[in-house]
Amino acid sequence: MACGILLLPCRSPASCEWEIPADDVRGVGVNDVIDVRHGSACHLRRKGDDRHASWGEIAAGLVRIFLDARDDLMEVLTGVATLRSAEDELFRSLRALSGAGWEIQRNSPGALRKVASFLPSNNLLYSYVLFGVIPSLYADRLCMRPSARVTDTAMALDAVVGPALRGLGCGLDLTPVSQREFMTTCLTADAVVFTGQPRNADAVAAKLGTDTLMVALGSGPNPIVVGLEAKLARACQDIVEARVYNSGQDCLCPDIVFVHESVMKEVVERLEDLLTRVVIGERHSPGVQVAPLVYQDAVAGASEFIDRHRENVVSGGSVDADGFVEPTLVSLPWNPDFHPPELFSPIVTLMEYSSPSDIEAWMASPCESERGMYVSVYGEPALDRERVATSVVTRECTTFDIEDGNRPFGGYGASASSVRHRGTRTARPVLLSAEVRR
């Protein structure tokens with residue numbers, strides 16, 4: 001996706017204005033300018049100053065920081081992401097920053113003294129914005145720990161935009177410490193945002209006090225369903241685009257595609273053709289969709305999966321010593337006991353089905369109910385509803401098309417997204433500002 005800027009209009013035009021001010025707003029503070037006496041986060045002012053700043057001014061200041069640093073950000077991010085996906089991250093980050101005022105005004109989050117956030121290893125820039133920059137607008141202090149996998153890259157990213165953000169007033173502190181050390185910070189935080197494996201989320205939650213709010217975001221298989229009424233050209237194009245996003249290294253990539261038996265042959269042919277057209281090369285090269293994978297365990301997992309299903313490989317299937325996984329198509333017969341692993345690689349796994357009730361039963365199984373996040377439905381009327389089991393339905397599009405950084409994210413599977421507070425865990429789509437609303 002070509003890089004650009006989208007400043008969204010305020011969704012409550014009667015109560016908030018969105019304009020890019022003519023003057024430079026970098027000196028406008030954030031944490032120290034919210035005037036809570038007005039009962040609205042839309043009206044801001046400096047301490048000791050009668051001047052009020054609109055959310056449009058704050059958004060414009062934040063957006064300008066990231067736009068001015070675009071080249072440096074791309075240089076940093078292409079160490080772990082393709083240029084194509086890094087540019088998409090920047091676009092999504094700009095959109096989320098532009099919508100931050102609407103998000104905060106809509107949810108009216110209560111004042112937080114300290115928030116502790118775990119920065120994941122993928123989607124670094126976007127995650128930095130969602131779990132760091134935006135919460136810092138309504139928290140006195142935002143403490144963030146980068147994943148040990150990408151510490152150097154995360155710190156380089158923060159070095160590019162962090163000083164300007166802090167100059168604007170964002171109380172964001174990115175610190176490369178061990179998870180054990182970071183737990184000390186978590187224990188004194190009002191809220192903890194955890195991104196990562198469910199078992200690690202459980203370990204963190206077990207150490208927190210009952211009054212600490214914990215928002216946890218994991219992952220799910222995000223299946224795609226291609227029914228007998230699907231527009232196959234569109235569905236197949238979407239499948240490939242979603243599966244090879246950043247070489248497949250994203251939690252929203254679909255790990256399984258269910259295809260109705262009546263269209264299976266044509267879907268296989270279309271996908272086989274599309275996968276041969278995927279642009280392959282180095283991460284920093286424009287237009288490249290698949291590059292060598294960043295993590296060796298992802299390379300090993302892809303190799304193991306391909307070897308295990310070698311007789312069902314339709315095309316591709318090679319893995320080299322440099323971490324390059326060839327775009328691969330695997331076609332499996334129906335198996336209700338098959339639960340795909342999270343493959344951070346460009347492997348499209350198909351499974352033929354004959355009845356939508358089979359998919360419903362599969363998604364309602366204990367394993368899939370636990371990790372239910374999203375399901376993308378193309379041309380299958382029986383599954384055209386708000387949810388299938390614990391997974392949120394997206395209609396005729398993928399999760400990448402509907403994801404919105406200013407709205408709750410995830411599904412109703414406990415391993416996908418959940419909120420823990422005072423001894424109770426509730427599985428649902430989550431957004432920190434909505435969880436701490438006054």
# chains A, B, ... in the order shown; residues from 1 in each chain; ligands from 1

$ residues_around --residues "Glu266 (chain A)" --least-positions-apart "2" --cutoff "12 Å" --atoms "only C-alpha atoms" --output "PyMOL selection string"
chain A and resi 226+228+230-233+235-236+259-264+268-273

$ write_last_selection --atoms "N, CA and C atoms" --output "tab-separated table (two decimals), in the first residue's frame"
chain	number	residue	atom	x	y	z
A	226	VAL	N	-14.51	-19.90	2.06
A	226	VAL	CA	-14.88	-19.63	0.67
A	226	VAL	C	-16.03	-20.56	0.32
A	228	LEU	N	-19.82	-21.75	-1.69
A	228	LEU	CA	-20.18	-22.05	-3.08
A	228	LEU	C	-20.72	-20.83	-3.81
A	230	ALA	N	-19.28	-17.75	-3.42
A	230	ALA	CA	-18.22	-16.74	-3.34
A	230	ALA	C	-17.81	-16.24	-4.72
A	231	LYS	N	-17.45	-14.97	-4.78
A	231	LYS	CA	-16.81	-14.41	-5.97
A	231	LYS	C	-15.34	-14.79	-5.88
A	232	LEU	N	-14.97	-15.80	-6.63
A	232	LEU	CA	-13.69	-16.45	-6.41
A	232	LEU	C	-12.49	-15.57	-6.71
A	233	ALA	N	-12.58	-14.73	-7.73
A	233	ALA	CA	-11.43	-13.88	-8.06
A	233	ALA	C	-11.10	-12.98	-6.88
A	235	ALA	N	-12.10	-13.37	-3.65
A	235	ALA	CA	-11.75	-14.15	-2.46
A	235	ALA	C	-10.30	-14.63	-2.52
A	236	CYS	N	-9.90	-15.14	-3.67
A	236	CYS	CA	-8.54	-15.67	-3.80
A	236	CYS	C	-7.48	-14.58	-3.71
A	259	VAL	N	-12.68	-24.28	2.11
A	259	VAL	CA	-13.19	-24.10	0.76
A	259	VAL	C	-14.27	-25.13	0.48
A	260	HIS	N	-15.44	-24.67	0.01
A	260	HIS	CA	-16.52	-25.60	-0.31
A	260	HIS	C	-16.10	-26.54	-1.43
A	261	GLU	N	-16.49	-27.80	-1.30
A	261	GLU	CA	-16.06	-28.82	-2.24
A	261	GLU	C	-16.43	-28.50	-3.69
A	262	SER	N	-17.52	-27.75	-3.90
A	262	SER	CA	-17.96	-27.45	-5.25
A	262	SER	C	-17.05	-26.46	-5.98
A	263	VAL	N	-16.24	-25.70	-5.23
A	263	VAL	CA	-15.37	-24.71	-5.87
A	263	VAL	C	-13.90	-24.97	-5.57
A	264	MET	N	-13.61	-26.09	-4.93
A	264	MET	CA	-12.24	-26.37	-4.50
A	264	MET	C	-11.27	-26.40	-5.68
A	268	VAL	N	-8.08	-23.82	-6.00
A	268	VAL	CA	-6.70	-24.31	-6.03
A	268	VAL	C	-5.97	-23.75	-7.25
A	269	GLU	N	-6.62	-23.79	-8.39
A	269	GLU	CA	-6.00	-23.29	-9.62
A	269	GLU	C	-5.71	-21.80	-9.54
A	270	ARG	N	-6.67	-21.04	-9.03
A	270	ARG	CA	-6.48	-19.59	-8.92
A	270	ARG	C	-5.37	-19.25	-7.93
A	271	LEU	N	-5.36	-19.91	-6.78
A	271	LEU	CA	-4.35	-19.61	-5.78
A	271	LEU	C	-2.96	-20.02	-6.25
A	272	GLU	N	-2.88	-21.15	-6.92
A	272	GLU	CA	-1.60	-21.60	-7.45
A	272	GLU	C	-1.02	-20.55	-8.40
A	273	ASP	N	-1.90	-19.99	-9.24
A	273	ASP	CA	-1.47	-18.97	-10.19
A	273	ASP	C	-1.06	-17.69	-9.46

$ select_by_dssp --residues "region 127-170 of chain A" --states "alpha helix (DSSP H)" --output "list in words"
Ser127, Tyr128, Thr151, Asp152, Thr153, Ala154, Met155, Ala156, Leu157, Asp158, Ala159, Val160, Val161, Gly162, Pro163, Ala164, Leu165, Arg166, Gly167 and Leu168 of chain A

$ write_last_selection --atoms "all heavy atoms" --output "CSV table (one decimal), in the first residue's frame"
chain,number,residue,atom,x,y,z
A,127,SER,N,2.0,-1.1,16.7
A,127,SER,CA,1.9,-1.5,18.1
A,127,SER,C,2.4,-0.4,19.1
A,127,SER,O,1.8,-0.1,20.1
A,127,SER,CB,2.6,-2.8,18.4
A,127,SER,OG,2.0,-3.9,17.7
A,128,TYR,N,3.5,0.2,18.7
A,128,TYR,CA,4.1,1.3,19.4
A,128,TYR,C,3.0,2.5,19.6
A,128,TYR,O,2.9,3.1,20.6
A,128,TYR,CB,5.3,1.8,18.7
A,128,TYR,CG,6.1,3.0,19.3
A,128,TYR,CD1,7.0,2.8,20.3
A,128,TYR,CD2,5.9,4.3,18.9
A,128,TYR,CE1,7.8,3.8,20.8
A,128,TYR,CE2,6.6,5.3,19.4
A,128,TYR,CZ,7.5,5.1,20.4
A,128,TYR,OH,8.3,6.2,20.9
A,151,THR,N,14.5,-6.1,20.4
A,151,THR,CA,14.9,-5.0,21.3
A,151,THR,C,15.6,-3.9,20.5
A,151,THR,O,15.3,-2.7,20.7
A,151,THR,CB,15.8,-5.5,22.5
A,151,THR,OG1,15.0,-6.3,23.3
A,151,THR,CG2,16.2,-4.3,23.3
A,152,ASP,N,16.6,-4.2,19.7
A,152,ASP,CA,17.4,-3.2,19.0
A,152,ASP,C,16.6,-2.4,18.1
A,152,ASP,O,16.7,-1.2,18.0
A,152,ASP,CB,18.6,-3.9,18.3
A,152,ASP,CG,19.7,-4.4,19.2
A,152,ASP,OD1,19.6,-4.1,20.4
A,152,ASP,OD2,20.5,-5.3,18.8
A,153,THR,N,15.7,-3.1,17.3
A,153,THR,CA,14.8,-2.4,16.4
A,153,THR,C,13.9,-1.5,17.1
A,153,THR,O,13.6,-0.4,16.6
A,153,THR,CB,14.1,-3.4,15.5
A,153,THR,OG1,15.0,-4.3,14.9
A,153,THR,CG2,13.3,-2.8,14.4
A,154,ALA,N,13.3,-2.0,18.2
A,154,ALA,CA,12.3,-1.2,18.9
A,154,ALA,C,13.0,0.1,19.5
A,154,ALA,O,12.4,1.2,19.4
A,154,ALA,CB,11.7,-2.0,20.0
A,155,MET,N,14.2,-0.1,20.0
A,155,MET,CA,14.9,1.1,20.6
A,155,MET,C,15.3,2.1,19.5
A,155,MET,O,15.2,3.3,19.7
A,155,MET,CB,16.1,0.6,21.4
A,155,MET,CG,15.8,-0.3,22.6
A,155,MET,SD,14.5,0.4,23.7
A,155,MET,CE,15.4,1.9,24.3
A,156,ALA,N,15.6,1.5,18.3
A,156,ALA,CA,15.9,2.4,17.2
A,156,ALA,C,14.7,3.2,16.7
A,156,ALA,O,14.8,4.4,16.4
A,156,ALA,CB,16.5,1.6,16.0
A,157,LEU,N,13.6,2.5,16.7
A,157,LEU,CA,12.3,3.2,16.4
A,157,LEU,C,12.0,4.3,17.4
A,157,LEU,O,11.7,5.4,17.0
A,157,LEU,CB,11.2,2.2,16.4
A,157,LEU,CG,9.8,2.6,15.9
A,157,LEU,CD1,9.0,1.3,15.5
A,157,LEU,CD2,9.0,3.3,17.0
A,158,ASP,N,12.2,4.0,18.7
A,158,ASP,CA,11.9,5.0,19.7
A,158,ASP,C,12.9,6.2,19.6
A,158,ASP,O,12.5,7.3,19.8
A,158,ASP,CB,12.0,4.4,21.1
A,158,ASP,CG,11.6,5.3,22.2
A,158,ASP,OD1,10.4,5.7,22.3
A,158,ASP,OD2,12.5,5.7,23.0
A,159,ALA,N,14.1,5.9,19.2
A,159,ALA,CA,15.1,6.9,19.0
A,159,ALA,C,14.7,7.9,17.9
A,159,ALA,O,15.1,9.1,18.0
A,159,ALA,CB,16.5,6.3,18.8
A,160,VAL,N,14.0,7.4,16.9
A,160,VAL,CA,13.6,8.2,15.8
A,160,VAL,C,12.5,9.2,16.2
A,160,VAL,O,12.5,10.4,15.8
A,160,VAL,CB,13.2,7.4,14.6
A,160,VAL,CG1,12.5,8.2,13.5
A,160,VAL,CG2,14.4,6.6,14.0
A,161,VAL,N,11.4,8.7,16.8
A,161,VAL,CA,10.2,9.5,17.1
A,161,VAL,C,10.0,9.9,18.6
A,161,VAL,O,9.3,10.8,18.9
A,161,VAL,CB,9.0,8.9,16.6
A,161,VAL,CG1,9.0,8.8,15.0
A,161,VAL,CG2,8.7,7.5,17.2
A,162,GLY,N,10.7,9.1,19.5
A,162,GLY,CA,10.5,9.3,20.9
A,162,GLY,C,10.8,10.7,21.4
A,162,GLY,O,9.9,11.2,22.2
A,163,PRO,N,11.9,11.2,21.1
A,163,PRO,CA,12.2,12.6,21.6
A,163,PRO,C,11.2,13.6,21.3
A,163,PRO,O,10.8,14.4,22.1
A,163,PRO,CB,13.6,12.9,21.0
A,163,PRO,CG,14.2,11.5,20.8
A,163,PRO,CD,13.1,10.6,20.4
A,164,ALA,N,10.7,13.6,20.0
A,164,ALA,CA,9.7,14.6,19.6
A,164,ALA,C,8.4,14.3,20.3
A,164,ALA,O,7.7,15.2,20.7
A,164,ALA,CB,9.5,14.5,18.1
A,165,LEU,N,8.0,13.0,20.5
A,165,LEU,CA,6.8,12.7,21.2
A,165,LEU,C,6.8,13.2,22.6
A,165,LEU,O,5.9,13.8,23.2
A,165,LEU,CB,6.5,11.2,21.2
A,165,LEU,CG,6.2,10.6,19.8
A,165,LEU,CD1,6.2,9.1,19.9
A,165,LEU,CD2,4.8,11.1,19.4
A,166,ARG,N,8.0,13.0,23.3
A,166,ARG,CA,8.1,13.4,24.7
A,166,ARG,C,8.2,15.0,24.7
A,166,ARG,O,7.7,15.6,25.7
A,166,ARG,CB,9.4,12.8,25.3
A,166,ARG,CG,9.1,11.3,25.6
A,166,ARG,CD,10.3,10.6,26.2
A,166,ARG,NE,11.3,10.1,25.3
A,166,ARG,CZ,11.2,8.9,24.7
A,166,ARG,NH1,10.2,8.2,24.9
A,166,ARG,NH2,12.1,8.5,23.8
A,167,GLY,N,8.7,15.6,23.7
A,167,GLY,CA,8.7,17.0,23.6
A,167,GLY,C,7.3,17.6,23.5
A,167,GLY,O,7.0,18.7,24.0
A,168,LEU,N,6.4,16.8,22.9
A,168,LEU,CA,5.0,17.2,22.7
A,168,LEU,C,4.3,17.0,24.0
A,168,LEU,O,3.2,17.6,24.3
A,168,LEU,CB,4.3,16.4,21.6
A,168,LEU,CG,2.9,16.7,21.2
A,168,LEU,CD1,2.9,18.1,20.6
A,168,LEU,CD2,2.4,15.7,20.2

$ select_by_dssp --residues "region 166-246 of chain A" --states "strand (DSSP E or B)" --output "number ranges by chain"
A: 172-174, 191-195, 213-217, 224-226

$ residues_around --residues "region 211-217 of chain A" --least-positions-apart "3" --cutoff "8 Å" --atoms "only C-alpha atoms" --output "list in words"
Leu187, Ala189, Asp190, Ala191, Val192, Val193, Phe194, Thr195, Gly196, Ala201, Ala205, Leu208, Gly410, Ser415, Ala416, Ser417, Ser418, Val419, Arg420, His421, Arg422, Val430, Leu431 and Leu432 of chain A

$ residues_around --residues "region 303-316 of chain A" --least-positions-apart "4" --cutoff "10 Å" --atoms "only C-alpha atoms" --output "tab-separated table (two decimals) with all heavy atoms, in the first residue's frame"
chain	number	residue	atom	x	y	z
A	268	VAL	N	-8.08	-23.82	-6.00
A	268	VAL	CA	-6.70	-24.31	-6.03
A	268	VAL	C	-5.97	-23.75	-7.25
A	268	VAL	O	-4.83	-23.26	-7.16
A	268	VAL	CB	-6.65	-25.84	-6.03
A	268	VAL	CG1	-5.25	-26.35	-6.36
A	268	VAL	CG2	-7.09	-26.39	-4.67
A	269	GLU	N	-6.62	-23.79	-8.39
A	269	GLU	CA	-6.00	-23.29	-9.62
A	269	GLU	C	-5.71	-21.80	-9.54
A	269	GLU	O	-4.64	-21.34	-9.93
A	269	GLU	CB	-6.91	-23.59	-10.82
A	269	GLU	CG	-7.02	-25.07	-11.15
A	269	GLU	CD	-8.07	-25.37	-12.21
A	269	GLU	OE1	-8.81	-24.41	-12.59
A	269	GLU	OE2	-8.14	-26.51	-12.69
A	271	LEU	N	-5.36	-19.91	-6.78
A	271	LEU	CA	-4.35	-19.61	-5.78
A	271	LEU	C	-2.96	-20.02	-6.25
A	271	LEU	O	-1.97	-19.31	-6.00
A	271	LEU	CB	-4.69	-20.30	-4.46
A	271	LEU	CG	-5.88	-19.75	-3.70
A	271	LEU	CD1	-6.17	-20.60	-2.46
A	271	LEU	CD2	-5.66	-18.30	-3.29
A	272	GLU	N	-2.88	-21.15	-6.92
A	272	GLU	CA	-1.60	-21.60	-7.45
A	272	GLU	C	-1.02	-20.55	-8.40
A	272	GLU	O	0.17	-20.22	-8.37
A	272	GLU	CB	-1.76	-22.94	-8.15
A	272	GLU	CG	-0.47	-23.60	-8.54
A	272	GLU	CD	-0.66	-25.01	-9.09
A	272	GLU	OE1	-1.83	-25.42	-9.29
A	272	GLU	OE2	0.35	-25.69	-9.32
A	273	ASP	N	-1.90	-19.99	-9.24
A	273	ASP	CA	-1.47	-18.97	-10.19
A	273	ASP	C	-1.06	-17.69	-9.46
A	273	ASP	O	-0.01	-17.09	-9.75
A	273	ASP	CB	-2.60	-18.67	-11.18
A	273	ASP	CG	-2.25	-17.55	-12.14
A	273	ASP	OD1	-1.26	-17.69	-12.89
A	273	ASP	OD2	-2.95	-16.52	-12.13
A	275	LEU	N	-0.02	-17.27	-6.40
A	275	LEU	CA	1.19	-17.42	-5.60
A	275	LEU	C	2.45	-17.37	-6.45
A	275	LEU	O	3.51	-16.97	-5.97
A	275	LEU	CB	1.13	-18.73	-4.80
A	275	LEU	CG	0.15	-18.73	-3.62
A	275	LEU	CD1	0.03	-20.12	-3.00
A	275	LEU	CD2	0.56	-17.72	-2.55
A	276	THR	N	2.34	-17.77	-7.71
A	276	THR	CA	3.51	-17.66	-8.59
A	276	THR	C	3.82	-16.20	-8.93
A	276	THR	O	4.93	-15.89	-9.38
A	276	THR	CB	3.30	-18.43	-9.91
A	276	THR	OG1	2.21	-17.84	-10.64
A	276	THR	CG2	3.00	-19.90	-9.64
A	297	ASP	N	12.84	-19.70	14.60
A	297	ASP	CA	11.82	-20.67	15.01
A	297	ASP	C	10.65	-20.66	14.03
A	297	ASP	O	9.98	-21.68	13.83
A	297	ASP	CB	11.35	-20.41	16.44
A	297	ASP	CG	10.85	-19.00	16.66
A	297	ASP	OD1	11.05	-18.13	15.80
A	297	ASP	OD2	10.24	-18.75	17.72
A	298	ALA	N	10.37	-19.52	13.39
A	298	ALA	CA	9.32	-19.47	12.37
A	298	ALA	C	9.75	-20.26	11.14
A	298	ALA	O	8.93	-20.96	10.52
A	298	ALA	CB	9.02	-18.03	11.99
A	299	VAL	N	11.02	-20.16	10.78
A	299	VAL	CA	11.55	-20.93	9.65
A	299	VAL	C	11.45	-22.43	9.95
A	299	VAL	O	10.99	-23.22	9.12
A	299	VAL	CB	13.02	-20.55	9.36
A	299	VAL	CG1	13.58	-21.40	8.21
A	299	VAL	CG2	13.14	-19.07	9.03
A	320	ASP	N	14.95	-22.43	2.55
A	320	ASP	CA	16.41	-22.45	2.44
A	320	ASP	C	17.09	-22.00	3.73
A	320	ASP	O	16.44	-21.56	4.68
A	320	ASP	CB	16.89	-21.64	1.24
A	320	ASP	CG	16.69	-20.14	1.40
A	320	ASP	OD1	16.56	-19.66	2.54
A	320	ASP	OD2	16.65	-19.44	0.37
A	323	GLY	N	16.53	-18.56	5.53
A	323	GLY	CA	15.25	-18.21	6.14
A	323	GLY	C	14.16	-17.89	5.14
A	323	GLY	O	13.09	-17.43	5.51
A	325	VAL	N	11.17	-18.82	2.90
A	325	VAL	CA	10.15	-19.86	2.72
A	325	VAL	C	9.38	-19.52	1.46
A	325	VAL	O	8.77	-18.45	1.35
A	325	VAL	CB	9.19	-19.91	3.92
A	325	VAL	CG1	8.10	-20.96	3.69
A	325	VAL	CG2	9.96	-20.25	5.20
A	326	GLU	N	9.42	-20.41	0.49
A	326	GLU	CA	8.72	-20.19	-0.77
A	326	GLU	C	7.21	-20.12	-0.53
A	326	GLU	O	6.68	-20.90	0.27
A	326	GLU	CB	9.03	-21.35	-1.73
A	326	GLU	CG	8.45	-21.19	-3.11
A	326	GLU	CD	8.78	-22.37	-4.00
A	326	GLU	OE1	9.29	-23.39	-3.49
A	326	GLU	OE2	8.51	-22.29	-5.22
A	327	PRO	N	6.51	-19.18	-1.17
A	327	PRO	CA	5.04	-19.18	-1.06
A	327	PRO	C	4.51	-20.56	-1.42
A	327	PRO	O	4.80	-21.10	-2.49
A	327	PRO	CB	4.63	-18.12	-2.10
A	327	PRO	CG	5.78	-17.18	-2.14
A	327	PRO	CD	7.00	-18.06	-1.99
A	328	THR	N	3.77	-21.13	-0.48
A	328	THR	CA	3.40	-22.55	-0.57
A	328	THR	C	1.90	-22.74	-0.44
A	328	THR	O	1.26	-22.08	0.39
A	328	THR	CB	4.12	-23.34	0.55
A	328	THR	OG1	5.54	-23.21	0.38
A	328	THR	CG2	3.74	-24.81	0.52
A	329	LEU	N	1.36	-23.64	-1.24
A	329	LEU	CA	-0.07	-23.98	-1.20
A	329	LEU	C	-0.21	-25.43	-0.75
A	329	LEU	O	0.36	-26.34	-1.36
A	329	LEU	CB	-0.71	-23.78	-2.57
A	329	LEU	CG	-2.21	-24.07	-2.68
A	329	LEU	CD1	-3.02	-23.15	-1.77
A	329	LEU	CD2	-2.69	-23.93	-4.12
A	330	VAL	N	-0.97	-25.64	0.32
A	330	VAL	CA	-1.23	-26.97	0.85
A	330	VAL	C	-2.74	-27.20	0.82
A	330	VAL	O	-3.51	-26.35	1.27
A	330	VAL	CB	-0.71	-27.11	2.31
A	330	VAL	CG1	-1.05	-28.48	2.88
A	330	VAL	CG2	0.79	-26.86	2.36
A	331	SER	N	-3.17	-28.34	0.29
A	331	SER	CA	-4.60	-28.65	0.20
A	331	SER	C	-4.90	-29.93	0.98
A	331	SER	O	-4.38	-31.01	0.64
A	331	SER	CB	-5.01	-28.83	-1.27
A	331	SER	OG	-6.39	-29.12	-1.38
A	332	LEU	N	-5.73	-29.82	2.01
A	332	LEU	CA	-6.02	-30.95	2.90
A	332	LEU	C	-7.47	-31.39	2.77
A	332	LEU	O	-8.36	-30.56	2.54
A	332	LEU	CB	-5.75	-30.55	4.35
A	332	LEU	CG	-4.34	-30.07	4.70
A	332	LEU	CD1	-4.31	-29.57	6.15
A	332	LEU	CD2	-3.33	-31.18	4.50
A	333	PRO	N	-7.74	-32.68	2.98
A	333	PRO	CA	-9.13	-33.14	3.05
A	333	PRO	C	-9.74	-32.71	4.38
A	333	PRO	O	-9.02	-32.31	5.31
A	333	PRO	CB	-9.00	-34.66	2.96
A	333	PRO	CG	-7.65	-34.95	3.57
A	333	PRO	CD	-6.78	-33.79	3.15
A	340	PRO	N	-4.78	-25.75	13.05
A	340	PRO	CA	-3.53	-25.24	12.47
A	340	PRO	C	-2.68	-24.49	13.48
A	340	PRO	O	-3.19	-23.75	14.32
A	340	PRO	CB	-4.04	-24.28	11.38
A	340	PRO	CG	-5.39	-23.85	11.87
A	340	PRO	CD	-5.97	-25.06	12.54
A	341	PRO	N	-1.38	-24.69	13.40
A	341	PRO	CA	-0.48	-23.90	14.25
A	341	PRO	C	-0.41	-22.48	13.70
A	341	PRO	O	-0.79	-22.23	12.55
A	341	PRO	CB	0.86	-24.63	14.10
A	341	PRO	CG	0.80	-25.22	12.72
A	341	PRO	CD	-0.64	-25.63	12.53
A	343	LEU	N	1.42	-20.10	11.91
A	343	LEU	CA	2.57	-20.15	11.01
A	343	LEU	C	2.95	-18.73	10.57
A	343	LEU	O	2.23	-18.11	9.79
A	343	LEU	CB	2.26	-21.01	9.79
A	343	LEU	CG	2.06	-22.50	10.05
A	343	LEU	CD1	1.53	-23.19	8.81
A	343	LEU	CD2	3.38	-23.14	10.50
A	345	SER	N	4.62	-17.48	8.32
A	345	SER	CA	5.28	-17.75	7.04
A	345	SER	C	4.23	-17.76	5.92
A	345	SER	O	3.03	-17.88	6.19
A	345	SER	CB	6.00	-19.11	7.10
A	345	SER	OG	5.10	-20.14	7.47
A	347	ILE	N	2.49	-19.59	3.97
A	347	ILE	CA	1.91	-20.89	3.64
A	347	ILE	C	0.39	-20.78	3.64
A	347	ILE	O	-0.21	-20.42	4.67
A	347	ILE	CB	2.34	-21.98	4.64
A	347	ILE	CG1	3.86	-22.13	4.63
A	347	ILE	CG2	1.67	-23.31	4.32
A	347	ILE	CD1	4.40	-23.09	5.69
A	348	VAL	N	-0.24	-21.04	2.51
A	348	VAL	CA	-1.70	-21.04	2.40
A	348	VAL	C	-2.18	-22.47	2.58
A	348	VAL	O	-1.86	-23.35	1.75
A	348	VAL	CB	-2.17	-20.48	1.05
A	348	VAL	CG1	-3.70	-20.52	0.96
A	348	VAL	CG2	-1.66	-19.06	0.84
A	349	THR	N	-2.93	-22.72	3.64
A	349	THR	CA	-3.43	-24.07	3.93
A	349	THR	C	-4.94	-24.12	3.68
A	349	THR	O	-5.70	-23.39	4.32
A	349	THR	CB	-3.14	-24.46	5.39
A	349	THR	OG1	-1.74	-24.37	5.63
A	349	THR	CG2	-3.62	-25.88	5.66
A	350	LEU	N	-5.34	-24.96	2.72
A	350	LEU	CA	-6.75	-25.12	2.39
A	350	LEU	C	-7.29	-26.40	3.01
A	350	LEU	O	-6.57	-27.38	3.17
A	350	LEU	CB	-6.94	-25.21	0.87
A	350	LEU	CG	-6.32	-24.13	-0.02
A	350	LEU	CD1	-6.64	-24.43	-1.48
A	350	LEU	CD2	-6.81	-22.76	0.38

$ closest_residue --among "A:Cys251, A:Arg84, A:Tyr378, A:Arg385" --to "Ile280 (chain A)" --atoms "only C-alpha atoms"
A:Arg84

$ residues_around --residues "Pro346 (chain A)" --least-positions-apart "5" --cutoff "10 Å" --atoms "only C-alpha atoms" --output "ChimeraX atom specification"
/A:240,242-249,253,255,275,289-291,293,302,324-329

$ closest_residue --among "A:Glu386, A:Pro254, A:Thr424, A:Ser121" --to "Thr210 (chain A)" --atoms "only C-alpha atoms"
A:Thr424

$ decode --residues "region 227-235 of chain A" --atoms "N, CA, C and O atoms" --output "PDB file, in the first residue's frame"
ATOM      1  N   GLY A 227     -17.257 -20.004   0.287  1.00  0.00           N
ATOM      2  CA  GLY A 227     -18.446 -20.812   0.046  1.00  0.00           C
ATOM      3  C   GLY A 227     -18.765 -20.981  -1.425  1.00  0.00           C
ATOM      4  O   GLY A 227     -18.114 -20.407  -2.307  1.00  0.00           O
ATOM      5  N   LEU A 228     -19.821 -21.753  -1.695  1.00  0.00           N
ATOM      6  CA  LEU A 228     -20.182 -22.046  -3.078  1.00  0.00           C
ATOM      7  C   LEU A 228     -20.723 -20.826  -3.811  1.00  0.00           C
ATOM      8  O   LEU A 228     -20.796 -20.814  -5.043  1.00  0.00           O
ATOM      9  N   GLU A 229     -21.067 -19.743  -3.092  1.00  0.00           N
ATOM     10  CA  GLU A 229     -21.555 -18.521  -3.728  1.00  0.00           C
ATOM     11  C   GLU A 229     -20.490 -17.426  -3.774  1.00  0.00           C
ATOM     12  O   GLU A 229     -20.774 -16.288  -4.148  1.00  0.00           O
ATOM     13  N   ALA A 230     -19.277 -17.748  -3.419  1.00  0.00           N
ATOM     14  CA  ALA A 230     -18.221 -16.736  -3.340  1.00  0.00           C
ATOM     15  C   ALA A 230     -17.808 -16.241  -4.723  1.00  0.00           C
ATOM     16  O   ALA A 230     -17.836 -16.988  -5.714  1.00  0.00           O
ATOM     17  N   LYS A 231     -17.446 -14.966  -4.776  1.00  0.00           N
ATOM     18  CA  LYS A 231     -16.812 -14.406  -5.974  1.00  0.00           C
ATOM     19  C   LYS A 231     -15.342 -14.785  -5.877  1.00  0.00           C
ATOM     20  O   LYS A 231     -14.564 -14.176  -5.144  1.00  0.00           O
ATOM     21  N   LEU A 232     -14.972 -15.798  -6.627  1.00  0.00           N
ATOM     22  CA  LEU A 232     -13.690 -16.453  -6.410  1.00  0.00           C
ATOM     23  C   LEU A 232     -12.486 -15.574  -6.712  1.00  0.00           C
ATOM     24  O   LEU A 232     -11.463 -15.669  -6.033  1.00  0.00           O
ATOM     25  N   ALA A 233     -12.582 -14.734  -7.733  1.00  0.00           N
ATOM     26  CA  ALA A 233     -11.434 -13.877  -8.060  1.00  0.00           C
ATOM     27  C   ALA A 233     -11.100 -12.978  -6.880  1.00  0.00           C
ATOM     28  O   ALA A 233      -9.931 -12.842  -6.488  1.00  0.00           O
ATOM     29  N   ARG A 234     -12.132 -12.360  -6.303  1.00  0.00           N
ATOM     30  CA  ARG A 234     -11.924 -11.463  -5.154  1.00  0.00           C
ATOM     31  C   ARG A 234     -11.445 -12.247  -3.941  1.00  0.00           C
ATOM     32  O   ARG A 234     -10.504 -11.836  -3.244  1.00  0.00           O
ATOM     33  N   ALA A 235     -12.098 -13.367  -3.648  1.00  0.00           N
ATOM     34  CA  ALA A 235     -11.747 -14.148  -2.463  1.00  0.00           C
ATOM     35  C   ALA A 235     -10.304 -14.628  -2.524  1.00  0.00           C
ATOM     36  O   ALA A 235      -9.552 -14.525  -1.546  1.00  0.00           O
TER      37      ALA A 235
END
